[in-house]
Amino acid sequence: MNLFALQTVVLSSSAIATMLVAVGLSCRYAWWKPPVNWSMPRVLMYHMVSPHRKKARFNKLRVLPERFEEQLAWLQENGFQFVFASQLCDGTKLPGKTVCLTFDDGYADNLLIADPIMEKYGAVGTLYLVEDRSGGWSSKKKSHHEDDELASEPKLTDLQVEQMLQSGRWELGGHTVTHANLPNLDGDEAAREITDSRNRLTEQFGQELKTFAYPFGLLGDREVRLAREAGYSAAVTTEPRIYDAAHDDLMMIPRIKVSGTEGMAAFAIRIRTGQRGLLK
Ligand SMILES: [Zn+2]
């Protein structure tokens with residue numbers, strides 16, 4: 001091969017490589033997708049706000065404290081107003097750009113780490129609290145899953161929950177008694193998980209629970225019916241999408257996933273389109 005031919009091969013293969021990287025990044029971030037109508041509320045799903053743990057499987061659920069602060073600052077700078085999930089279903093006239101922060105399960109860091117940052121930015125949050133946080137709680141979707149990393153994560157005590165509610169920055173939502181995999185239960189058990197936790201938390205904390213989060217995002221027609229019968233006016237899922245009040249069922253509100261392993265660019269893209277890339 002002469003030198004010219006060699007140069008051509010090298011150039012064209014590097015051009016192809018560059019193109020492949022560009023295509024890969026485009027699929028990963030889907031930056032070309034237009035923003036979903038800004039008047040539609042962005043409902044965000046969080047779990048923990050904490051440093052990552054070495055070799056942990058669930059670091060995606062741990063949003064770093066400094067990143068969480070950047071996210072709230074970004075939302076504030078971009079004109080978003082913070083609302084509770086109950087305001088999506090109680091007839092509140094929502095401001096032009098609305099964001100609703102939701103936190104699943106009831107991790108202690110929600111108060112110890114997230115709350116002071118929320119106070120700084122005038123944010124509020126809806127806490128989907130598992131009623132029994134004393135050890136019966138399981139993060140395992142399937143019983144054959146080996147580790148139960150999230151079960152050993154410190155949970156909010158009743159006193160801490162009270163403190164959060166008193167601040168006015170938090171409201172409670174239901175998330176069953178034991179973080180149950182609802183579709184696996186028989187009808188009576190599923191009804192108890194949903195109804196008992198709502199009744200007991202309402203009585204214990206003196207605040208009526210208006211919204212519910214299906215554990216693991218697992219639901220079918222029966223779970224929707226049970227949640228409605230338990231007295232909930234709305235429920236959130238883990239379907240990664242922006243909520244469209246004109247077309248979506250209030251008992252199946254999708255949420256935007258906030259991943260603990262992604263940077264601000266991915267966060268901004270998720271807020272724009274509901275998803276980070278083409279598929280998730
Ligand atoms: Zn959960």
# chains A, B, ... in the order shown; residues from 1 in each chain; ligands from 1
>>> closest_atom_pairs(of="stretch 21-57 of chain A", to="stretch 124-135 of chain A", cutoff="12 Å", atoms="only C-alpha atoms", output="JSON lines")
{"residue": "A:Val43", "atom": "CA", "partner": "A:Thr126", "partner_atom": "CA", "distance": 10.3}
{"residue": "A:Leu44", "atom": "CA", "partner": "A:Gly125", "partner_atom": "CA", "distance": 9.9}
{"residue": "A:Met45", "atom": "CA", "partner": "A:Thr126", "partner_atom": "CA", "distance": 9.9}
{"residue": "A:Tyr46", "atom": "CA", "partner": "A:Leu127", "partner_atom": "CA", "distance": 9.6}
{"residue": "A:His47", "atom": "CA", "partner": "A:Leu127", "partner_atom": "CA", "distance": 9.5}
{"residue": "A:Met48", "atom": "CA", "partner": "A:Leu127", "partner_atom": "CA", "distance": 11.3}
>>> closest_atom_pairs(of="chain A", to="ligand 1", cutoff="8 Å", atoms="only C-alpha atoms and all ligand atoms", output="tab-separated table")
residue	atom	partner	partner_atom_place_in_ligand_line	distance
A:His47	CA	ligand 1	1 (Zn)	7.8
A:Asp104	CA	ligand 1	1 (Zn)	5.0
A:Asp105	CA	ligand 1	1 (Zn)	4.7
A:Tyr128	CA	ligand 1	1 (Zn)	7.7
A:Val130	CA	ligand 1	1 (Zn)	7.6
A:Ser139	CA	ligand 1	1 (Zn)	7.2
A:His175	CA	ligand 1	1 (Zn)	6.8
A:His179	CA	ligand 1	1 (Zn)	6.2
A:Ala213	CA	ligand 1	1 (Zn)	7.7
A:Tyr214	CA	ligand 1	1 (Zn)	7.5
A:Pro215	CA	ligand 1	1 (Zn)	4.6
A:Phe216	CA	ligand 1	1 (Zn)	5.6
A:Gly217	CA	ligand 1	1 (Zn)	7.9
>>> residues_around(residues="stretch 223-238 of chain A", least_positions_apart="5", cutoff="8 Å", atoms="only C-alpha atoms", output="PyMOL selection string")
chain A and resi 45+86+89+182-183+190-191+194-195+198+209-214+216-218+250-257
>>> select_by_dssp(residues="stretch 149-228 of chain A", states="strand (DSSP E or B)", output="list of chain:residue names")
A:Lys155, A:Trp170, A:Glu171, A:Leu172, A:Gly173, A:Gly174, A:Thr211, A:Phe212, A:Ala213
>>> write_last_selection(atoms="all heavy atoms", output="tab-separated table (two decimals), in the first residue's frame")
chain	number	residue	atom	x	y	z
A	155	LYS	N	-32.96	4.29	58.27
A	155	LYS	CA	-34.28	4.81	57.90
A	155	LYS	C	-34.70	5.92	58.86
A	155	LYS	O	-34.18	6.02	59.97
A	155	LYS	CB	-35.32	3.69	57.96
A	155	LYS	CG	-35.00	2.46	57.14
A	155	LYS	CD	-35.02	2.75	55.65
A	155	LYS	CE	-34.93	1.49	54.82
A	155	LYS	NZ	-33.92	0.53	55.26
A	170	TRP	N	-42.33	19.21	53.97
A	170	TRP	CA	-42.58	17.82	53.58
A	170	TRP	C	-44.04	17.45	53.77
A	170	TRP	O	-44.71	17.95	54.68
A	170	TRP	CB	-41.73	16.87	54.45
A	170	TRP	CG	-40.27	17.02	54.22
A	170	TRP	CD1	-39.44	17.92	54.82
A	170	TRP	CD2	-39.46	16.29	53.30
A	170	TRP	NE1	-38.16	17.78	54.34
A	170	TRP	CE2	-38.14	16.78	53.40
A	170	TRP	CE3	-39.72	15.25	52.39
A	170	TRP	CZ2	-37.09	16.28	52.64
A	170	TRP	CZ3	-38.67	14.75	51.63
A	170	TRP	CH2	-37.38	15.27	51.76
A	171	GLU	N	-44.50	16.57	52.90
A	171	GLU	CA	-45.79	15.92	53.13
A	171	GLU	C	-45.57	14.42	52.97
A	171	GLU	O	-44.61	13.99	52.33
A	171	GLU	CB	-46.85	16.42	52.13
A	171	GLU	CG	-46.60	15.94	50.71
A	171	GLU	CD	-47.79	16.16	49.77
A	171	GLU	OE1	-48.77	16.81	50.16
A	171	GLU	OE2	-47.70	15.65	48.63
A	172	LEU	N	-46.50	13.65	53.54
A	172	LEU	CA	-46.38	12.20	53.48
A	172	LEU	C	-47.22	11.62	52.38
A	172	LEU	O	-48.33	12.10	52.09
A	172	LEU	CB	-46.87	11.58	54.79
A	172	LEU	CG	-45.95	11.58	56.00
A	172	LEU	CD1	-46.59	10.75	57.11
A	172	LEU	CD2	-44.59	11.02	55.63
A	173	GLY	N	-46.70	10.57	51.76
A	173	GLY	CA	-47.47	9.75	50.84
A	173	GLY	C	-47.29	8.30	51.25
A	173	GLY	O	-46.37	7.99	52.02
A	174	GLY	N	-48.14	7.41	50.76
A	174	GLY	CA	-48.08	6.00	51.16
A	174	GLY	C	-47.17	5.18	50.26
A	174	GLY	O	-46.98	5.50	49.08
A	211	THR	N	-51.51	10.89	48.31
A	211	THR	CA	-50.95	10.18	47.16
A	211	THR	C	-50.16	8.96	47.59
A	211	THR	O	-49.73	8.84	48.75
A	211	THR	CB	-50.05	11.12	46.30
A	211	THR	OG1	-48.88	11.46	47.06
A	211	THR	CG2	-50.78	12.39	45.90
A	212	PHE	N	-49.95	8.07	46.65
A	212	PHE	CA	-49.35	6.75	46.91
A	212	PHE	C	-48.29	6.46	45.86
A	212	PHE	O	-48.40	6.93	44.72
A	212	PHE	CB	-50.47	5.70	46.82
A	212	PHE	CG	-50.04	4.28	46.97
A	212	PHE	CD1	-49.65	3.78	48.22
A	212	PHE	CD2	-50.03	3.40	45.88
A	212	PHE	CE1	-49.25	2.45	48.36
A	212	PHE	CE2	-49.64	2.07	46.02
A	212	PHE	CZ	-49.25	1.59	47.26
A	213	ALA	N	-47.25	5.70	46.24
A	213	ALA	CA	-46.25	5.24	45.27
A	213	ALA	C	-46.22	3.71	45.30
A	213	ALA	O	-46.07	3.12	46.37
A	213	ALA	CB	-44.87	5.80	45.61
>>> residues_around(residues="A:Arg169", least_positions_apart="6", cutoff="12 Å", atoms="only C-alpha atoms", output="number ranges by chain")
A: 82-84, 100-102, 110-111, 114-127, 161-163
>>> write_last_selection(atoms="C-alpha atoms", output="mmCIF file, in the first residue's frame")
data_model
loop_
_atom_site.group_PDB
_atom_site.id
_atom_site.type_symbol
_atom_site.label_atom_id
_atom_site.label_comp_id
_atom_site.auth_asym_id
_atom_site.auth_seq_id
_atom_site.Cartn_x
_atom_site.Cartn_y
_atom_site.Cartn_z
ATOM 1 C CA PHE A 82 -41.616 23.465 43.850
ATOM 2 C CA VAL A 83 -44.937 21.780 44.691
ATOM 3 C CA PHE A 84 -46.085 18.752 46.681
ATOM 4 C CA CYS A 100 -42.373 18.034 42.304
ATOM 5 C CA LEU A 101 -39.635 16.278 44.294
ATOM 6 C CA THR A 102 -40.607 12.815 45.538
ATOM 7 C CA ASN A 110 -33.729 12.699 53.419
ATOM 8 C CA LEU A 111 -33.856 14.710 56.643
ATOM 9 C CA ALA A 114 -31.511 16.602 51.627
ATOM 10 C CA ASP A 115 -33.695 18.748 53.877
ATOM 11 C CA PRO A 116 -31.148 21.498 54.728
ATOM 12 C CA ILE A 117 -30.389 21.864 51.005
ATOM 13 C CA MET A 118 -34.107 22.028 50.232
ATOM 14 C CA GLU A 119 -34.549 24.724 52.854
ATOM 15 C CA LYS A 120 -31.806 26.768 51.200
ATOM 16 C CA TYR A 121 -33.581 26.680 47.817
ATOM 17 C CA GLY A 122 -37.158 26.993 49.037
ATOM 18 C CA ALA A 123 -37.967 23.455 47.899
ATOM 19 C CA VAL A 124 -40.603 21.075 49.234
ATOM 20 C CA GLY A 125 -40.838 17.308 48.953
ATOM 21 C CA THR A 126 -43.278 14.410 49.113
ATOM 22 C CA LEU A 127 -42.036 11.489 51.186
ATOM 23 C CA VAL A 161 -40.690 12.156 60.274
ATOM 24 C CA GLU A 162 -42.551 14.425 62.703
ATOM 25 C CA GLN A 163 -39.727 16.945 62.545
#
>>> atom_distance(atom1="atom CA of A:Leu156", atom2="atom CA of A:Ala56")
20.9 Å
>>> closest_residue(among="A:Val23, A:Leu185, A:Ala108, A:Ala180", to="A:Asp158", atoms="only C-alpha atoms")
A:Ala108
>>> select_by_dssp(residues="stretch 13-110 of chain A", states="helix (DSSP H, G or I)", output="mmCIF file with N, CA and C atoms, in the first residue's frame")
data_model
loop_
_atom_site.group_PDB
_atom_site.id
_atom_site.type_symbol
_atom_site.label_atom_id
_atom_site.label_comp_id
_atom_site.auth_asym_id
_atom_site.auth_seq_id
_atom_site.Cartn_x
_atom_site.Cartn_y
_atom_site.Cartn_z
ATOM 1 N N SER A 13 -10.911 5.707 8.669
ATOM 2 C CA SER A 13 -11.299 4.941 9.852
ATOM 3 C C SER A 13 -11.458 5.860 11.062
ATOM 4 N N SER A 14 -10.645 6.941 11.126
ATOM 5 C CA SER A 14 -10.852 7.837 12.271
ATOM 6 C C SER A 14 -12.145 8.626 12.098
ATOM 7 N N ALA A 15 -12.497 8.921 10.829
ATOM 8 C CA ALA A 15 -13.776 9.606 10.603
ATOM 9 C C ALA A 15 -14.930 8.702 11.017
ATOM 10 N N ILE A 16 -14.799 7.420 10.686
ATOM 11 C CA ILE A 16 -15.864 6.472 11.062
ATOM 12 C C ILE A 16 -15.954 6.361 12.582
ATOM 13 N N ALA A 17 -14.774 6.304 13.237
ATOM 14 C CA ALA A 17 -14.773 6.204 14.701
ATOM 15 C C ALA A 17 -15.445 7.426 15.316
ATOM 16 N N THR A 18 -15.096 8.623 14.785
ATOM 17 C CA THR A 18 -15.706 9.853 15.313
ATOM 18 C C THR A 18 -17.217 9.819 15.135
ATOM 19 N N MET A 19 -17.620 9.337 13.954
ATOM 20 C CA MET A 19 -19.054 9.281 13.665
ATOM 21 C C MET A 19 -19.764 8.323 14.638
ATOM 22 N N LEU A 20 -19.080 7.171 14.873
ATOM 23 C CA LEU A 20 -19.700 6.193 15.783
ATOM 24 C C LEU A 20 -19.851 6.765 17.190
ATOM 25 N N VAL A 21 -18.819 7.493 17.628
ATOM 26 C CA VAL A 21 -18.901 8.118 18.962
ATOM 27 C C VAL A 21 -20.064 9.106 18.982
ATOM 28 N N ALA A 22 -20.181 9.896 17.908
ATOM 29 C CA ALA A 22 -21.264 10.894 17.845
ATOM 30 C C ALA A 22 -22.635 10.215 17.881
ATOM 31 N N VAL A 23 -22.754 9.118 17.122
ATOM 32 C CA VAL A 23 -24.041 8.403 17.113
ATOM 33 C C VAL A 23 -24.316 7.821 18.502
ATOM 34 N N GLY A 24 -23.260 7.257 19.107
ATOM 35 C CA GLY A 24 -23.418 6.673 20.449
ATOM 36 C C GLY A 24 -23.880 7.716 21.447
ATOM 37 N N LEU A 25 -23.217 8.880 21.434
ATOM 38 C CA LEU A 25 -23.588 9.951 22.372
ATOM 39 C C LEU A 25 -25.006 10.451 22.102
ATOM 40 N N SER A 26 -25.353 10.498 20.818
ATOM 41 C CA SER A 26 -26.691 10.974 20.466
ATOM 42 C C SER A 26 -27.772 10.037 20.996
ATOM 43 N N CYS A 27 -27.506 8.726 20.902
ATOM 44 C CA CYS A 27 -28.492 7.776 21.431
ATOM 45 C C CYS A 27 -28.525 7.840 22.950
ATOM 46 N N ARG A 28 -27.308 8.032 23.536
ATOM 47 C CA ARG A 28 -27.223 8.040 24.997
ATOM 48 C C ARG A 28 -27.942 9.253 25.590
ATOM 49 N N TYR A 29 -27.821 10.393 24.926
ATOM 50 C CA TYR A 29 -28.396 11.617 25.504
ATOM 51 C C TYR A 29 -29.586 12.176 24.740
ATOM 52 N N ASN A 59 -25.868 2.457 43.909
ATOM 53 C CA ASN A 59 -25.419 3.854 43.920
ATOM 54 C C ASN A 59 -26.242 4.748 42.992
ATOM 55 N N LYS A 60 -26.929 4.142 42.039
ATOM 56 C CA LYS A 60 -27.842 4.928 41.195
ATOM 57 C C LYS A 60 -28.929 5.588 42.048
ATOM 58 N N LEU A 61 -29.241 4.961 43.173
ATOM 59 C CA LEU A 61 -30.288 5.510 44.050
ATOM 60 C C LEU A 61 -29.712 6.508 45.058
ATOM 61 N N PRO A 65 -24.749 14.563 47.671
ATOM 62 C CA PRO A 65 -25.266 15.818 48.236
ATOM 63 C C PRO A 65 -24.925 17.035 47.387
ATOM 64 N N GLU A 66 -23.687 17.118 46.902
ATOM 65 C CA GLU A 66 -23.291 18.297 46.108
ATOM 66 C C GLU A 66 -24.041 18.322 44.776
ATOM 67 N N ARG A 67 -24.325 17.148 44.218
ATOM 68 C CA ARG A 67 -25.074 17.089 42.965
ATOM 69 C C ARG A 67 -26.536 17.502 43.201
ATOM 70 N N PHE A 68 -27.092 17.055 44.326
ATOM 71 C CA PHE A 68 -28.469 17.411 44.671
ATOM 72 C C PHE A 68 -28.592 18.926 44.774
ATOM 73 N N GLU A 69 -27.597 19.555 45.412
ATOM 74 C CA GLU A 69 -27.619 21.009 45.537
ATOM 75 C C GLU A 69 -27.541 21.669 44.153
ATOM 76 N N GLU A 70 -26.691 21.143 43.294
ATOM 77 C CA GLU A 70 -26.594 21.689 41.922
ATOM 78 C C GLU A 70 -27.938 21.569 41.203
ATOM 79 N N GLN A 71 -28.610 20.440 41.421
ATOM 80 C CA GLN A 71 -29.900 20.222 40.756
ATOM 81 C C GLN A 71 -30.943 21.235 41.218
ATOM 82 N N LEU A 72 -30.997 21.461 42.542
ATOM 83 C CA LEU A 72 -31.986 22.427 43.046
ATOM 84 C C LEU A 72 -31.652 23.840 42.581
ATOM 85 N N ALA A 73 -30.354 24.157 42.564
ATOM 86 C CA ALA A 73 -29.935 25.487 42.100
ATOM 87 C C ALA A 73 -30.332 25.648 40.625
ATOM 88 N N TRP A 74 -30.112 24.605 39.848
ATOM 89 C CA TRP A 74 -30.461 24.622 38.417
ATOM 90 C C TRP A 74 -31.965 24.834 38.233
ATOM 91 N N LEU A 75 -32.750 24.105 39.021
ATOM 92 C CA LEU A 75 -34.212 24.217 38.910
ATOM 93 C C LEU A 75 -34.658 25.637 39.256
ATOM 94 N N GLN A 76 -34.053 26.188 40.316
ATOM 95 C CA GLN A 76 -34.401 27.542 40.737
ATOM 96 C C GLN A 76 -34.019 28.566 39.658
ATOM 97 N N GLU A 77 -32.795 28.436 39.153
ATOM 98 C CA GLU A 77 -32.332 29.364 38.108
ATOM 99 C C GLU A 77 -33.197 29.290 36.864
ATOM 100 N N ALA A 85 -46.710 16.582 45.753
ATOM 101 C CA ALA A 85 -47.452 15.697 44.839
ATOM 102 C C ALA A 85 -48.963 15.880 45.022
ATOM 103 N N SER A 86 -49.392 16.158 46.251
ATOM 104 C CA SER A 86 -50.839 16.311 46.473
ATOM 105 C C SER A 86 -51.401 17.490 45.684
ATOM 106 N N GLN A 87 -50.541 18.457 45.349
ATOM 107 C CA GLN A 87 -51.018 19.620 44.590
ATOM 108 C C GLN A 87 -51.268 19.298 43.119
ATOM 109 N N LEU A 88 -50.853 18.100 42.702
ATOM 110 C CA LEU A 88 -51.150 17.687 41.326
ATOM 111 C C LEU A 88 -52.596 17.213 41.213
ATOM 112 N N ASP A 109 -31.262 9.994 55.443
ATOM 113 C CA ASP A 109 -30.560 11.111 54.794
ATOM 114 C C ASP A 109 -31.522 12.127 54.176
ATOM 115 N N ASN A 110 -32.763 11.737 53.960
ATOM 116 C CA ASN A 110 -33.729 12.699 53.419
ATOM 117 C C ASN A 110 -33.863 13.897 54.357
#
>>> residues_around(residues="A:Asn78", least_positions_apart="5", cutoff="12 Å", atoms="only C-alpha atoms", output="number ranges by chain")
A: 38, 71-73, 96-99, 268, 271-272
>>> atom_distance(atom1="atom CA of A:Arg270", atom2="atom CA of A:Val258")
8.1 Å
>>> closest_residue(among="A:Val10, A:Ala151, A:Ala246, A:Ile269", to="A:Met40", atoms="only C-alpha atoms")
A:Ala246
